[in-house]
Amino acid sequence: MNKTELTQLISKNFDYYQTGHVADYIPALAKVDPKQLGMAIYDLQENHLIEAGDANVRFAVESMSKVPVLLLAIKDNGIDHVFQKINTEPTGFAFNSIMNMEINHRKHPMNPFVNAGAIATTSLINGKNAEEKFDRILAFMKEICDDPAITLNEEIYQSESRTGDINRSLAYYMKGNQMIEGDVPAILDTYFKQCSVNVTAVGIAKLAAVLANKGIAPWNGQRIVSEKSATIVKSIMTIAGLYDESGEFSVHVGVPAKSGVGGGLLAAVPNRYGMGVFSPALDSFGNSAAGIQLLTDVIQELDADIFE
Ligand code: GLN
């Protein structure tokens, strides 16, 4: 696929933003212009990146941060320790639901890509205080997105923190049930900050390319994460990357992916492509409405459904 073809698919799918709404439970996200659609594709075979539309617009990473933070938690603690604390099962519940822990007889959050599991993941990041933990997360995101310009969006962070009571309830529930250790306000502060980092579809495509390329950055050949952790993360993306829309997405699109309520989507097609998409209007599950449509067309065009 070349830039012209990608541009055409963006034009074809642009109007799907009308079927969604920007996230309004976080006030700073409610102000984002819904009329945006962009995509970047890192082709591993050709070792080059194409981008079109709003692929360089900065937007809040939100739940896509759950992917690099899980990778960093694995680097810090090892695979076994992380998955003793956090399970790897689909939930069937919304991303901020507490139900996954109430019904789970194993007494752990059910996966790292719902909020409870992600907060538990954040609690495992090394660092002597919340500031040092966030600095390490930010440095890792810059490295894996190959984007030194990533910063904390202070307005989104304040908004997340002010309206984050459901996340607080999840964290205190876990602390009260000995599912997490540490200072809950400090863990939540780090979690709110990791969600409020400004990325682009280009940077997200590069992160996805590392996952698709067995943990090695294709742009310089350096290993960023282990092959095993890249494999595990892609598996969890397949069962839980789009919350309670993950099954439908797997059936219709068929690639490991992760969404965020900022309108981002990251997709990693093993050994072939890393993809980043941005369009801020969301469907009822909290996933980018036009982004999913565009990704569906691109995957079809590239014959990249991993289950085919
Ligand atoms: N910061 C958001 C929250 O915790 C992230 C959720 C999301 O992107 N689905 O509610």
# chains A, B, ... in the order shown; residues from 1 in each chain; ligands from 1
call {"tool": "residues_near_ligand", "arguments": {"ligand": "ligand 1", "cutoff": "10 Å", "atoms": "only C-alpha atoms and all ligand atoms", "output": "PyMOL selection string"}}
result
chain A and resi 23+25-26+60-66+94-96+113-116+118-119+156-157+159-161+163-168+188+191-196+241-243+258-264+285-287
call {"tool": "select_by_dssp", "arguments": {"residues": "region 101-303 of chain A", "states": "alpha helix (DSSP H)", "output": "VMD selection string"}}
result
chain A and resid 101 to 102 115 to 123 130 to 144 154 to 162 165 to 176 184 to 195 201 to 212 227 to 240 246 to 252 289 to 302
call {"tool": "residues_around", "arguments": {"residues": "Ile216 (chain A)", "least_positions_apart": "6", "cutoff": "9 Å", "atoms": "only C-alpha atoms", "output": "count of residues only"}}
result
8
call {"tool": "select_by_dssp", "arguments": {"residues": "region 82-268 of chain A", "states": "strand (DSSP E or B)", "output": "PyMOL selection string"}}
result
chain A and resi 152+197-199+216+223+257-259+264-268
call {"tool": "write_last_selection", "arguments": {"atoms": "C-alpha atoms", "output": "tab-separated table (two decimals), in the first residue's frame"}}
result
chain	number	residue	atom	x	y	z
A	152	LEU	CA	2.61	14.90	29.65
A	197	VAL	CA	0.72	11.45	27.56
A	198	ASN	CA	0.51	13.01	24.06
A	199	VAL	CA	1.33	10.66	21.18
A	216	ILE	CA	13.16	-5.43	18.05
A	223	ARG	CA	16.00	-5.03	20.96
A	257	ALA	CA	-4.97	-4.37	18.65
A	258	LYS	CA	-5.38	-1.95	21.56
A	259	SER	CA	-7.57	1.13	21.78
A	264	GLY	CA	-6.16	5.92	19.20
A	265	LEU	CA	-5.81	2.35	17.96
A	266	LEU	CA	-2.63	0.35	17.75
A	267	ALA	CA	-2.45	-2.85	15.75
A	268	ALA	CA	0.45	-5.30	15.45
call {"tool": "residues_around", "arguments": {"residues": "Gln45 (chain A)", "least_positions_apart": "4", "cutoff": "12 Å", "atoms": "only C-alpha atoms", "output": "JSON, numbers by chain"}}
result
{"A": [41, 49, 209, 212, 213, 218, 219, 269, 270, 271, 272, 273, 274]}
call {"tool": "atom_distance", "arguments": {"atom1": "CA of Leu295 (chain A)", "atom2": "CA of Ile74 (chain A)"}}
result
28.6 Å
call {"tool": "closest_residue", "arguments": {"among": "A:Gly78, A:Gly203, A:Pro112, A:Pro68", "to": "Ala149 (chain A)", "atoms": "only C-alpha atoms"}}
result
A:Gly203
call {"tool": "closest_residue", "arguments": {"among": "A:Ser123, A:Thr200, A:Asn111, A:Ser250", "to": "Ser279 (chain A)", "atoms": "only C-alpha atoms"}}
result
A:Thr200
call {"tool": "residues_around", "arguments": {"residues": "Ala139 (chain A)", "least_positions_apart": "6", "cutoff": "10 Å", "atoms": "only C-alpha atoms", "output": "PDB file with N, CA and C atoms, in the first residue's frame"}}
result
ATOM      1  N   ASP A 147       9.928   8.574  19.668  1.00  0.00           N
ATOM      2  CA  ASP A 147       9.343   9.919  19.628  1.00  0.00           C
ATOM      3  C   ASP A 147       9.788  10.708  20.867  1.00  0.00           C
ATOM      4  N   PRO A 148      10.930  11.394  20.764  1.00  0.00           N
ATOM      5  CA  PRO A 148      11.433  12.137  21.935  1.00  0.00           C
ATOM      6  C   PRO A 148      10.554  13.322  22.329  1.00  0.00           C
ATOM      7  N   ILE A 150       7.357  13.257  23.007  1.00  0.00           N
ATOM      8  CA  ILE A 150       6.201  12.903  23.840  1.00  0.00           C
ATOM      9  C   ILE A 150       6.296  13.646  25.176  1.00  0.00           C
ATOM     10  N   THR A 151       5.185  14.266  25.574  1.00  0.00           N
ATOM     11  CA  THR A 151       5.155  14.974  26.862  1.00  0.00           C
ATOM     12  C   THR A 151       3.872  14.629  27.598  1.00  0.00           C
TER      13      THR A 151
END
call {"tool": "atom_distance", "arguments": {"atom1": "CA of Lys228 (chain A)", "atom2": "CA of Ile86 (chain A)"}}
result
17.0 Å
call {"tool": "closest_residue", "arguments": {"among": "A:Ala208, A:Leu282, A:Cys145, A:Ile187", "to": "Lys234 (chain A)", "atoms": "only C-alpha atoms"}}
result
A:Ala208
call {"tool": "atom_distance", "arguments": {"atom1": "CA of Gly53 (chain A)", "atom2": "CA of Gln293 (chain A)"}}
result
14.8 Å
call {"tool": "residues_around", "arguments": {"residues": "Val82 (chain A)", "least_positions_apart": "4", "cutoff": "12 Å", "atoms": "only C-alpha atoms", "output": "ChimeraX atom specification"}}
result
/A:69-78,86-88,108-109,111-112,117-118,120-125,179-180,229,232
call {"tool": "closest_residue", "arguments": {"among": "A:Asp189, A:Glu308, A:Asn129, A:Val277", "to": "Ala289 (chain A)", "atoms": "only C-alpha atoms"}}
result
A:Val277
